[in-house]
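Below is the file target.cif, which contains mmCIF, C-alpha atoms and all ligand atoms.
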```cif
data_my_file
loop_
_atom_site.label_atom_id
_atom_site.label_comp_id
_atom_site.auth_asym_id
_atom_site.auth_seq_id
_atom_site.Cartn_x
_atom_site.Cartn_y
_atom_site.Cartn_z
CA MET A 84 66.95 110.49 87.94
CA THR A 85 67.54 113.17 90.57
CA ALA A 86 69.38 111.72 93.59
CA LYS A 87 68.24 112.91 97.01
CA ILE A 88 71.07 113.70 99.38
CA LEU A 89 70.38 114.41 103.02
CA VAL A 90 72.99 116.59 104.76
CA MET A 91 73.29 116.09 108.54
CA PRO A 92 75.89 118.58 109.80
CA GLY A 93 75.72 117.74 113.54
CA ASP A 94 78.03 119.36 116.08
CA GLY A 95 81.45 120.92 116.56
CA VAL A 96 83.35 121.06 113.28
CA GLY A 97 80.54 119.10 111.59
CA PRO A 98 78.72 122.15 110.18
CA GLU A 99 82.02 123.81 109.11
CA ILE A 100 83.25 120.86 107.07
CA CYS A 101 79.77 120.01 105.72
CA ARG A 102 79.55 123.52 104.28
CA GLU A 103 82.66 122.83 102.18
CA ALA A 104 81.39 119.43 101.07
CA VAL A 105 78.10 121.00 99.97
CA ARG A 106 80.03 123.60 97.94
CA VAL A 107 81.77 120.70 96.19
CA LEU A 108 78.43 119.01 95.45
CA ASP A 109 77.00 122.33 94.19
CA ALA A 110 79.97 122.78 91.85
CA LEU A 111 79.54 119.26 90.49
CA ALA A 112 75.83 119.94 89.95
CA SER A 113 76.30 123.27 88.18
CA ASP A 114 79.41 122.45 86.12
CA HIS A 115 79.39 118.68 85.64
CA GLY A 116 75.73 117.73 85.31
CA LEU A 117 75.41 115.96 88.65
CA ASP A 118 71.66 115.58 89.15
CA ILE A 119 71.04 116.01 92.87
CA GLU A 120 68.62 117.57 95.33
CA LEU A 121 69.90 118.50 98.79
CA ASP A 122 67.98 118.56 102.03
CA GLU A 123 69.22 119.07 105.60
CA ALA A 124 68.28 117.49 108.95
CA LEU A 125 69.16 117.80 112.60
CA VAL A 126 71.22 115.16 114.39
CA GLY A 127 73.34 114.80 117.52
CA GLY A 128 73.71 117.55 120.11
CA ALA A 129 72.12 120.10 117.80
CA ALA A 130 69.02 117.89 117.65
CA ILE A 131 69.02 117.37 121.44
CA ASP A 132 69.08 121.14 121.94
CA ALA A 133 66.31 121.77 119.40
CA GLU A 134 64.08 118.74 119.96
CA GLY A 135 65.34 116.80 122.97
CA ASP A 136 66.33 113.78 120.87
CA PRO A 137 69.69 113.07 119.11
CA LEU A 138 67.81 111.47 116.20
CA PRO A 139 64.36 113.04 115.83
CA GLU A 140 61.70 111.06 113.93
CA ALA A 141 61.71 113.61 111.08
CA SER A 142 65.50 113.26 110.65
CA LEU A 143 65.29 109.47 110.56
CA ALA A 144 62.41 109.60 108.08
CA ALA A 145 64.36 112.00 105.83
CA ALA A 146 67.42 109.72 106.02
CA ARG A 147 65.31 106.72 105.03
CA GLU A 148 63.93 108.61 102.08
CA ALA A 149 67.27 109.89 100.84
CA ASP A 150 69.45 108.01 98.35
CA ALA A 151 72.54 108.98 100.35
CA VAL A 152 73.35 110.79 103.59
CA LEU A 153 76.25 113.20 104.03
CA PHE A 154 77.09 113.28 107.73
CA GLY A 155 79.38 115.76 109.51
CA ALA A 156 80.11 114.73 113.10
CA ILE A 157 78.34 114.65 116.45
CA GLY A 158 79.17 115.02 120.13
CA GLY A 159 80.92 117.41 122.43
CA PRO A 160 81.44 118.34 126.08
CA ALA A 161 78.04 120.09 126.32
CA TRP A 162 76.32 116.68 126.16
CA ASP A 163 78.94 114.47 127.88
CA GLU A 164 76.99 114.23 131.14
CA GLN A 165 73.83 112.90 129.49
CA PRO A 166 72.94 109.22 130.02
CA ARG A 167 74.26 107.02 127.22
CA ASP A 168 71.00 106.73 125.27
CA LYS A 169 70.51 110.52 125.38
CA ARG A 170 74.00 111.42 124.16
CA PRO A 171 74.61 112.68 120.60
CA GLU A 172 76.59 109.50 119.84
CA SER A 173 73.49 107.34 120.38
CA GLY A 174 71.79 109.27 117.56
CA LEU A 175 74.51 108.19 115.13
CA LEU A 176 74.46 104.60 116.38
CA ARG A 177 70.68 104.45 115.96
CA LEU A 178 70.89 105.97 112.50
CA ARG A 179 73.44 103.35 111.40
CA SER A 180 71.34 100.58 112.88
CA GLU A 181 67.95 101.80 111.57
CA LEU A 182 69.34 102.20 108.05
CA GLY A 183 71.07 98.80 108.18
CA LEU A 184 74.47 100.31 107.38
CA PHE A 185 76.48 97.25 108.39
CA ALA A 186 79.53 97.69 106.14
CA ASN A 187 81.82 100.59 106.99
CA LEU A 188 84.59 101.14 104.44
CA ARG A 189 87.49 103.24 105.70
CA PRO A 190 90.25 103.68 103.14
CA ALA A 191 93.64 104.84 104.44
CA ILE A 192 95.39 106.21 101.38
CA LEU A 193 98.51 108.33 101.59
CA TYR A 194 98.66 111.29 99.24
CA PRO A 195 102.39 111.35 98.31
CA GLN A 196 102.51 115.11 99.04
CA LEU A 197 101.88 114.25 102.72
CA ALA A 198 104.49 111.48 103.10
CA HIS A 199 106.61 113.60 105.42
CA VAL A 200 103.71 114.56 107.72
CA SER A 201 102.73 110.92 108.23
CA ALA A 202 103.32 109.57 111.74
CA LEU A 203 105.72 107.09 110.11
CA LYS A 204 108.86 107.54 108.01
CA PRO A 205 108.16 108.29 104.32
CA GLU A 206 109.84 105.07 103.16
CA ILE A 207 107.52 103.00 105.38
CA VAL A 208 104.29 104.64 104.17
CA ALA A 209 105.06 105.53 100.52
CA GLY A 210 102.22 104.19 98.36
CA LEU A 211 100.05 103.23 101.35
CA ASP A 212 96.58 102.08 100.30
CA ILE A 213 94.67 100.06 102.89
CA MET A 214 90.93 99.40 103.04
CA ILE A 215 89.51 98.71 106.50
CA VAL A 216 86.11 97.00 106.37
CA ARG A 217 84.52 97.49 109.79
CA GLU A 218 81.30 95.82 110.89
CA LEU A 219 79.08 98.73 111.95
CA THR A 220 75.73 97.61 113.34
CA GLY A 221 76.67 94.85 115.78
CA GLY A 222 79.32 93.93 118.32
CA ILE A 223 79.89 95.61 121.65
CA TYR A 224 78.36 98.97 120.66
CA PHE A 225 74.97 97.27 120.33
CA GLY A 226 75.11 94.01 122.31
CA LYS A 227 72.62 93.33 125.10
CA PRO A 228 72.72 93.12 128.04
CA SER A 229 74.41 96.41 128.75
CA GLY A 230 74.01 98.83 131.58
CA LEU A 231 75.17 100.48 134.74
CA HIS A 232 73.71 99.62 138.13
CA THR A 233 74.55 99.44 141.80
CA THR A 234 75.14 95.94 143.18
CA ALA A 235 73.81 94.59 146.49
CA SER A 236 77.13 95.50 148.10
CA GLY A 237 76.63 99.11 147.05
CA ARG A 238 79.26 99.20 144.29
CA ARG A 239 78.51 100.56 140.84
CA GLU A 240 78.96 97.99 138.10
CA ALA A 241 78.79 98.50 134.33
CA TYR A 242 78.82 96.03 131.47
CA ASN A 243 78.56 95.76 127.70
CA THR A 244 78.28 92.66 125.57
CA MET A 245 80.28 91.86 122.46
CA ARG A 246 77.84 89.75 120.52
CA TYR A 247 77.68 88.64 116.88
CA ASP A 248 75.57 85.96 115.29
CA GLU A 249 76.82 84.02 112.32
CA ALA A 250 74.58 85.81 109.80
CA GLU A 251 76.02 89.18 110.83
CA ILE A 252 79.57 87.86 110.49
CA GLU A 253 78.88 86.22 107.15
CA ARG A 254 77.35 89.44 105.78
CA ILE A 255 80.37 91.59 106.63
CA GLY A 256 82.69 88.76 105.62
CA ARG A 257 81.20 88.59 102.12
CA ALA A 258 81.42 92.39 101.79
CA ALA A 259 85.09 92.18 102.76
CA PHE A 260 85.92 89.24 100.46
CA ASP A 261 84.24 91.10 97.58
CA THR A 262 86.22 94.23 98.44
CA ALA A 263 89.51 92.28 98.62
CA ARG A 264 88.72 90.52 95.32
CA ALA A 265 88.33 93.90 93.59
CA ARG A 266 91.66 95.05 95.04
CA SER A 267 94.85 92.96 95.47
CA GLY A 268 93.14 89.75 96.58
CA ARG A 269 94.58 89.82 100.12
CA LEU A 270 92.26 89.90 103.13
CA CYS A 271 93.38 90.01 106.76
CA SER A 272 90.71 89.29 109.36
CA VAL A 273 91.46 90.90 112.71
CA ASP A 274 90.02 89.45 115.93
CA LYS A 275 90.91 88.34 119.44
CA ALA A 276 90.21 84.63 118.99
CA ASN A 277 92.83 83.65 121.58
CA VAL A 278 90.55 85.14 124.28
CA LEU A 279 87.02 85.86 123.02
CA ASP A 280 84.31 83.33 122.10
CA VAL A 281 82.81 85.88 119.74
CA SER A 282 86.15 86.08 117.90
CA GLN A 283 86.34 82.30 117.61
CA LEU A 284 82.98 82.30 115.86
CA TRP A 285 84.15 85.24 113.73
CA ARG A 286 87.27 83.32 112.64
CA ASP A 287 85.31 80.14 111.96
CA ILE A 288 82.85 81.97 109.68
CA MET A 289 85.66 83.79 107.83
CA ASN A 290 87.42 80.45 107.24
CA GLY A 291 84.17 78.95 105.97
CA LEU A 292 83.68 81.80 103.49
CA ALA A 293 87.21 81.42 102.12
CA GLY A 294 86.09 78.38 100.12
CA ASP A 295 83.78 80.63 98.06
CA TYR A 296 86.65 82.99 97.28
CA PRO A 297 89.57 80.81 96.12
CA ASP A 298 91.14 83.87 94.46
CA VAL A 299 91.37 85.73 97.81
CA GLU A 300 94.16 84.92 100.26
CA LEU A 301 92.73 85.02 103.80
CA THR A 302 94.96 85.52 106.83
CA HIS A 303 94.10 86.14 110.48
CA MET A 304 95.70 88.41 113.06
CA TYR A 305 95.01 89.20 116.69
CA VAL A 306 93.98 92.81 117.19
CA ASP A 307 96.83 93.71 119.54
CA ASN A 308 99.38 92.48 117.01
CA ALA A 309 97.44 94.23 114.21
CA ALA A 310 97.74 97.57 116.04
CA MET A 311 101.48 97.02 116.32
CA GLN A 312 101.91 95.84 112.69
CA LEU A 313 99.92 98.84 111.46
CA VAL A 314 102.56 101.20 112.80
CA ARG A 315 105.52 98.87 112.15
CA ALA A 316 104.89 97.83 108.54
CA PRO A 317 101.45 99.03 107.36
CA LYS A 318 101.96 98.07 103.72
CA GLN A 319 101.70 94.37 104.60
CA PHE A 320 97.92 95.05 104.74
CA ASP A 321 95.62 95.45 101.77
CA THR A 322 92.01 94.77 102.91
CA VAL A 323 91.33 94.34 106.64
CA VAL A 324 88.02 93.07 108.00
CA THR A 325 87.14 93.42 111.65
CA GLY A 326 84.38 94.04 114.18
CA ASN A 327 82.85 97.31 115.27
CA LEU A 328 85.10 98.22 118.22
CA PHE A 329 88.38 96.97 116.76
CA GLY A 330 87.66 98.73 113.46
CA ASP A 331 86.86 101.99 115.21
CA ILE A 332 90.22 101.97 116.98
CA LEU A 333 92.38 100.66 114.13
CA SER A 334 90.97 103.17 111.63
CA ASP A 335 91.91 106.16 113.83
CA ALA A 336 95.44 104.71 114.06
CA ALA A 337 95.52 104.16 110.28
CA ALA A 338 94.47 107.78 109.77
CA MET A 339 97.73 109.04 111.22
CA LEU A 340 99.68 107.06 108.63
CA THR A 341 98.10 109.33 106.00
CA GLY A 342 99.15 112.49 107.86
CA SER A 343 96.02 113.37 109.82
CA ILE A 344 92.64 112.10 110.95
CA GLY A 345 91.36 115.02 108.86
CA MET A 346 92.25 113.03 105.72
CA LEU A 347 90.21 109.85 106.27
CA PRO A 348 86.79 109.45 104.61
CA SER A 349 84.31 106.64 105.08
CA ALA A 350 81.28 105.00 103.52
CA SER A 351 78.72 103.08 105.55
CA MET A 352 76.71 100.83 103.25
CA ASP A 353 73.53 98.80 103.50
CA ALA A 354 72.82 95.63 101.53
CA ALA A 355 71.27 97.55 98.61
CA GLY A 356 73.99 100.16 97.95
CA LYS A 357 72.49 102.99 99.95
CA GLY A 358 75.15 104.77 101.94
CA LEU A 359 75.94 107.26 104.65
CA TYR A 360 79.16 109.13 104.02
CA GLU A 361 81.14 110.74 106.80
CA PRO A 362 84.68 111.55 107.87
CA VAL A 363 86.28 109.07 110.28
CA HIS A 364 86.97 111.82 112.79
CA GLY A 365 84.62 113.23 115.42
CA SER A 366 83.33 116.71 116.16
CA ALA A 367 86.78 117.98 117.26
CA PRO A 368 85.45 120.34 119.96
CA ASP A 369 89.01 121.55 120.66
CA ILE A 370 89.13 123.32 117.27
CA ALA A 371 85.44 123.90 116.53
CA GLY A 372 84.54 127.41 115.40
CA GLN A 373 88.14 128.37 114.56
CA GLY A 374 87.96 127.68 110.82
CA VAL A 375 90.99 125.37 110.96
CA ALA A 376 89.37 121.93 110.58
CA ASN A 377 90.52 119.93 107.59
CA PRO A 378 87.55 119.48 105.22
CA LEU A 379 89.33 116.92 103.02
CA ALA A 380 88.03 113.85 104.90
CA ILE A 381 84.43 114.85 104.22
CA ILE A 382 85.22 115.99 100.67
CA LEU A 383 86.81 112.59 100.02
CA SER A 384 83.66 111.07 101.57
CA VAL A 385 81.71 112.92 98.85
CA ALA A 386 83.98 111.14 96.33
CA MET A 387 83.02 107.80 97.91
CA MET A 388 79.34 108.78 97.63
CA LEU A 389 79.80 109.59 93.95
CA ARG A 390 81.45 106.22 93.35
CA TYR A 391 79.32 103.89 95.51
CA THR A 392 75.82 105.39 95.49
CA LEU A 393 75.55 107.94 92.68
CA GLY A 394 77.27 105.84 90.00
CA ARG A 395 79.60 108.69 89.03
CA ALA A 396 83.10 107.20 89.34
CA ASP A 397 84.20 109.82 86.79
CA LEU A 398 83.29 112.66 89.17
CA ALA A 399 84.73 110.78 92.16
CA ALA A 400 88.08 110.70 90.36
CA LYS A 401 87.77 114.42 89.60
CA VAL A 402 87.27 115.19 93.30
CA GLU A 403 90.18 112.96 94.35
CA ASN A 404 92.41 114.57 91.72
CA ALA A 405 91.33 118.05 92.84
CA VAL A 406 92.50 117.17 96.36
CA GLY A 407 95.84 116.11 94.88
CA TYR A 408 96.16 119.39 92.94
CA ALA A 409 95.37 121.47 96.03
CA LEU A 410 98.08 119.61 97.95
CA ASP A 411 100.46 120.04 94.98
CA ARG A 412 99.88 123.78 95.22
CA GLY A 413 101.07 123.65 98.84
CA LEU A 414 97.68 124.30 100.43
CA ARG A 415 97.49 122.79 103.90
CA THR A 416 95.11 123.04 106.82
CA ARG A 417 96.92 123.28 110.15
CA ASP A 418 96.84 119.53 110.88
CA ILE A 419 98.88 118.70 107.76
CA MET A 420 101.06 121.81 107.58
CA ASP A 421 104.85 121.89 107.60
CA ASP A 422 107.54 124.57 107.24
CA GLU A 423 107.37 124.60 103.44
CA THR A 424 103.63 125.00 103.03
CA GLN A 425 101.08 127.70 103.45
CA MET A 426 98.28 127.44 105.99
CA ALA A 427 94.77 127.40 104.57
CA SER A 428 91.56 127.74 106.51
CA THR A 429 88.74 125.22 106.21
CA GLN A 430 87.01 127.55 103.79
CA GLU A 431 90.13 128.23 101.70
CA MET A 432 90.80 124.53 101.34
CA GLY A 433 87.18 123.89 100.32
CA GLY A 434 87.33 126.86 97.93
CA ALA A 435 90.52 125.51 96.32
CA ILE A 436 88.83 122.17 95.62
CA VAL A 437 85.80 123.95 94.16
CA ASP A 438 88.06 126.10 91.92
CA MET A 439 89.82 122.98 90.63
CA LEU A 440 86.46 121.42 89.77
CA ARG A 441 85.17 124.41 87.84
N1 LIG B 501 81.35 110.01 113.70
C1 LIG B 501 81.29 110.89 114.67
O1 LIG B 501 80.49 111.82 114.62
C2 LIG B 501 82.23 110.76 115.79
C3 LIG B 501 82.02 111.53 116.91
N2 LIG B 501 82.93 111.50 117.93
C4 LIG B 501 82.65 112.41 119.04
O2 LIG B 501 83.39 113.61 118.83
C5 LIG B 501 83.71 114.21 120.09
C6 LIG B 501 85.21 114.48 120.17
O3 LIG B 501 85.88 113.23 120.18
P1 LIG B 501 87.47 113.07 120.15
O4 LIG B 501 87.78 111.83 120.85
O5 LIG B 501 88.12 114.34 120.55
O6 LIG B 501 87.81 112.77 118.59
P2 LIG B 501 87.89 113.76 117.35
O7 LIG B 501 88.11 112.89 116.16
O8 LIG B 501 86.75 114.67 117.32
O9 LIG B 501 89.23 114.62 117.61
C7 LIG B 501 90.48 114.01 117.90
C8 LIG B 501 91.61 115.00 117.56
O10 LIG B 501 91.69 115.10 116.12
C9 LIG B 501 91.53 116.45 115.71
N3 LIG B 501 90.71 116.48 114.50
C10 LIG B 501 89.56 115.80 114.28
N4 LIG B 501 89.05 116.11 113.09
C11 LIG B 501 89.87 117.01 112.53
C12 LIG B 501 89.87 117.72 111.30
N5 LIG B 501 88.90 117.57 110.37
N6 LIG B 501 90.87 118.58 111.06
C13 LIG B 501 91.86 118.76 111.96
N7 LIG B 501 91.93 118.11 113.14
C14 LIG B 501 90.94 117.24 113.43
C15 LIG B 501 90.82 117.15 116.87
O11 LIG B 501 91.10 118.53 116.86
C16 LIG B 501 91.37 116.41 118.08
O12 LIG B 501 92.58 116.96 118.50
C17 LIG B 501 83.21 113.22 121.14
O13 LIG B 501 81.96 113.65 121.60
C18 LIG B 501 83.07 111.91 120.40
O14 LIG B 501 82.14 111.03 120.95
C19 LIG B 501 84.08 110.77 117.87
C20 LIG B 501 84.33 110.00 116.75
C21 LIG B 501 83.40 109.88 115.66
C1 LIG B 502 79.43 106.69 117.52
C2 LIG B 502 80.79 107.18 117.22
C3 LIG B 502 81.25 108.14 118.27
C4 LIG B 502 81.74 106.02 116.99
C5 LIG B 502 83.04 106.35 116.32
O1 LIG B 502 83.99 106.80 116.92
C6 LIG B 502 83.20 106.06 114.91
O2 LIG B 502 82.30 105.53 114.28
O3 LIG B 502 84.30 106.33 114.38
MG MG B 503 85.83 106.54 115.82
#
```

Can you dump the structure from the file as structure tokens?
Amino acid sequence: MTAKILVMPGDGVGPEICREAVRVLDALASDHGLDIELDEALVGGAAIDAEGDPLPEASLAAAREADAVLFGAIGGPAWDEQPRDKRPESGLLRLRSELGLFANLRPAILYPQLAHVSALKPEIVAGLDIMIVRELTGGIYFGKPSGLHTTASGRREAYNTMRYDEAEIERIGRAAFDTARARSGRLCSVDKANVLDVSQLWRDIMNGLAGDYPDVELTHMYVDNAAMQLVRAPKQFDTVVTGNLFGDILSDAAAMLTGSIGMLPSASMDAAGKGLYEPVHGSAPDIAGQGVANPLAIILSVAMMLRYTLGRADLAAKVENAVGYALDRGLRTRDIMDDETQMASTQEMGGAIVDMLR
């Protein structure tokens, strides 16, 4: 059956990297029998400019109808002064929430060719393969009450609420235990249970689930220590499960262990296997329009789409191997370049992956 893929390029480098990911999908369709139909929709700042809404009704409807969404990135200085619910970022948050994409998988895998551009010494990161499972539709990004107001004494005051109920925690917990079970069987739950009530509930639910997964070894770590351990000895981690805010921060840190934030893909899944696939990075306004953005994070997100939604693990492996071959050949976008390698533009890197696939 033909799979419907909705492409949402967004802002900044989003359209540049999406273009390369679409070339990869086109090559898989024409040369490897991938049965897909592509459509495109507005989101983020581009949608605000065109329609006054970061997630127009038609875009949301198209996303609901699609089997998978390929998402570029949103945001940028042009929209930074907008109130929070009118910013491009709120379009992405709403999309995640409306589609029920509660499980965000962010794999930090080091390609051995990039060991010496990692933020850490090669011997500390060699063989790195961590899966961060981040809760994506709850926590402080969504909790009510939230707001900004002026108090009786005339001071501005702002607040957000980190809130989870036990069903939300259990749902992401089970996704993480299942993920850990399919990997090495080690799961580290990251929280701040020494300070936060919400983290105490989180820890309690994780401990309760452990009984259903006797083959998975569950440990707990406070988030401040986890940030430190991630840069001290990252290979102690296999699968990490954490809340929305902590996962957002830890995954950007984990990205640098692989050489660049331009290398980290992600999958955001609902309960039925539908997914939105996007790079971990943002719209990178500082390099937008220069043709230097690394398209590998979104191309590796296409590989996750092939594996998790389209049932084509064979093609996912082909894409991942093609990335390896391109790196073997010394192709590097600026963020992962060193003295020995040749600089490739966004388009050249995408083209190299397409050539490998043909
Ligand atoms: N999922 C999304 O669409 C996300 C959107 N954002 C938004 O993006 C905008 C910029 O946010 P920042 O904090 O600057 O984070 P960012 O991830 O966009 O950029 C951080 C740094 O990483 C670099 N970088 C990012 N992607 C790269 C790539 N593919 N290749 C090479 N270098 C890359 C950028 O040039 C910049 O120096 C903001 O409006 C923010 O809200 C931020 C994170 C996620
Ligand atoms: C809404 C986004 C800006 C949040 C984010 O940084 C992310 O999901 O990585
Ligand atoms: Mg982020």

If you measure from CA of Asp307 in chain A to CA of Phe329 in chain A, what distance in Å do you get, rounded to one decimal?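 Distance between the two atoms: 9.5 Å.
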
Applying 12 Å and all atoms listed in the file, which residues near Ala265 in chain A remain after dropping the ones on its own chain fewer than 3 positions away? List them as a list in words.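 Residues near the query, excluding close chain neighbours: Met214, Ala258, Ala259, Phe260, Asp261, Thr262, Gly268, Arg269, Leu270, Tyr296, Asp298, Val299, Asp321 and Thr322 of chain A.
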
Up to 12 Å from (64.2, 100.4, 114.2) in the file's coordinates: name the residues, counting all atoms listed in the file, as a PyMOL selection string. chain A and resi 138+140+143-144+147+176-183+220

Distance limit 8 Å, reference ligand LIG 502 (chain B), atoms considered: all atoms listed in the file. Which residues make the cut? Give them as a short mmCIF file (atom, residue, chain, number, x, y, z; two decimals) with C-alpha atoms, keeping the file's coordinate frame.
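Below you can see part-v6.cif, which holds the result:
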```cif
data_model
loop_
_atom_site.label_atom_id
_atom_site.label_comp_id
_atom_site.auth_asym_id
_atom_site.auth_seq_id
_atom_site.Cartn_x
_atom_site.Cartn_y
_atom_site.Cartn_z
CA ILE A 157 78.34 114.65 116.45
CA GLY A 158 79.17 115.02 120.13
CA GLU A 172 76.59 109.50 119.84
CA SER A 173 73.49 107.34 120.38
CA LEU A 175 74.51 108.19 115.13
CA LEU A 176 74.46 104.60 116.38
CA LEU A 219 79.08 98.73 111.95
CA ASP A 331 86.86 101.99 115.21
CA ILE A 332 90.22 101.97 116.98
CA SER A 334 90.97 103.17 111.63
CA ASP A 335 91.91 106.16 113.83
CA VAL A 363 86.28 109.07 110.28
CA HIS A 364 86.97 111.82 112.79
CA GLY A 365 84.62 113.23 115.42
#
```

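When CA of Gly221 in chain A is paired with CA of Leu347 in chain A, their separation reads 22.3 Å.
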
In terms of all atoms listed in the file, the residue from A:Gln425, A:Ala104, A:Ala310, A:Val208 at minimal distance from Gly413 in chain A is A:Gln425

One number please: atom C5 of ligand LIG 501 (chain B) to CA of Ser366 in chain A, in Å, one decimal.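 Pair atom C5 of ligand LIG 501 (chain B) / CA of Ser366 in chain A returns 4.7 Å.
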
List all protein, DNA and RNA residues that have at least one atom no more than 8 Å from any atom of ligand LIG 501 (chain B), counting all atoms listed in the file, and write them as a PyMOL selection string. chain A and resi 93+95-97+100+154-160+162-163+171-172+175+343-346+361-371+375-380+416-418

With all atoms listed in the file as the counted atoms, please give the residues lying no more than 8 Å from Ile419 in chain A, apart from itself and same-chain residues fewer than 5 positions off, as a list in words.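 The residues that qualify are Leu197, Val200, Gly342 and Ser343 of chain A.
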
Please provide as number ranges by chain all residues within 8 Å of Lys169 in chain A, with the sequence filter that same-chain residues fewer than 4 positions apart are discarded (counting all atoms listed in the file). A: 136-137, 165, 173

Polymer residues at most 6 Å from Ala149 in chain A, all atoms listed in the file, same-chain spacing of 5 or more positions, as a list in words: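 Using all atoms listed in the file, the neighbours found are Lys87, Ile88 and Leu89 of chain A.
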
Mind checking which residues fall within 8 Å of Ala209 in chain A, counting all atoms listed in the file, ignoring those fewer than 4 positions away in the same chain, and posting them as an MDAnalysis selection string? chainID A and resid 193 195 198 205

Considering only C-alpha atoms and all ligand atoms, can you say which of A:Asn327, A:Ala350, A:Val406, A:Val385 comes closest to ligand MG 503 (chain B)?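 With only C-alpha atoms and all ligand atoms as the atom set, the closest residue is A:Asn327.
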
Which protein, DNA or RNA residues are at most 7 Å from (72.9, 100.4, 105.9) in the file's coordinates when you count all atoms listed in the file, listed as a PyMOL selection string? chain A and resi 179+182-185+351-354+357-358

Nearest to ligand MG 503 (chain B) among A:Ala338, A:Leu279, A:Ala129, A:Val324, with distances taken over all atoms listed in the file: which residue is it?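 Among the listed residues, A:Ala338 lies closest to ligand MG 503 (chain B).
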
Nearest to ligand MG 503 (chain B): which of A:Met91, A:Gly330, A:Lys318, A:Leu117 is it, counting all atoms listed in the file?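 The shortest atom-to-atom distance to ligand MG 503 (chain B) comes from A:Gly330.
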
Keeping N, CA and C atoms (and nothing else), can you write range 402-416 of chain A of this structure as a CSV table (one decimal), in the first residue's frame?
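Output (out-v7.csv):
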```
chain,number,residue,atom,x,y,z
A,402,VAL,N,20.3,3.4,4.0
A,402,VAL,CA,20.6,4.8,4.2
A,402,VAL,C,21.7,5.0,5.2
A,403,GLU,N,21.6,4.3,6.3
A,403,GLU,CA,22.7,4.4,7.3
A,403,GLU,C,24.0,4.0,6.8
A,404,ASN,N,24.1,3.0,6.0
A,404,ASN,CA,25.4,2.6,5.4
A,404,ASN,C,25.9,3.6,4.4
A,405,ALA,N,24.9,4.2,3.6
A,405,ALA,CA,25.3,5.3,2.7
A,405,ALA,C,26.0,6.4,3.4
A,406,VAL,N,25.4,6.8,4.6
A,406,VAL,CA,26.0,7.9,5.4
A,406,VAL,C,27.5,7.5,5.8
A,407,GLY,N,27.6,6.2,6.2
A,407,GLY,CA,29.0,5.7,6.5
A,407,GLY,C,29.9,5.8,5.3
A,408,TYR,N,29.4,5.4,4.1
A,408,TYR,CA,30.3,5.5,2.9
A,408,TYR,C,30.7,6.9,2.6
A,409,ALA,N,29.7,7.8,2.7
A,409,ALA,CA,30.0,9.2,2.4
A,409,ALA,C,31.1,9.7,3.4
A,410,LEU,N,31.0,9.4,4.6
A,410,LEU,CA,32.0,9.8,5.6
A,410,LEU,C,33.4,9.1,5.3
A,411,ASP,N,33.3,7.8,4.9
A,411,ASP,CA,34.5,7.1,4.5
A,411,ASP,C,35.3,7.9,3.4
A,412,ARG,N,34.5,8.4,2.5
A,412,ARG,CA,35.1,9.1,1.3
A,412,ARG,C,35.6,10.5,1.7
A,413,GLY,N,35.5,10.9,3.0
A,413,GLY,CA,36.0,12.1,3.5
A,413,GLY,C,35.1,13.3,3.3
A,414,LEU,N,33.8,13.1,2.9
A,414,LEU,CA,32.9,14.2,2.7
A,414,LEU,C,32.5,14.7,4.1
A,415,ARG,N,32.5,16.0,4.3
A,415,ARG,CA,32.1,16.6,5.5
A,415,ARG,C,31.5,17.9,5.3
A,416,THR,N,30.3,18.1,6.0
A,416,THR,CA,29.8,19.5,6.0
A,416,THR,C,30.7,20.3,7.1
```
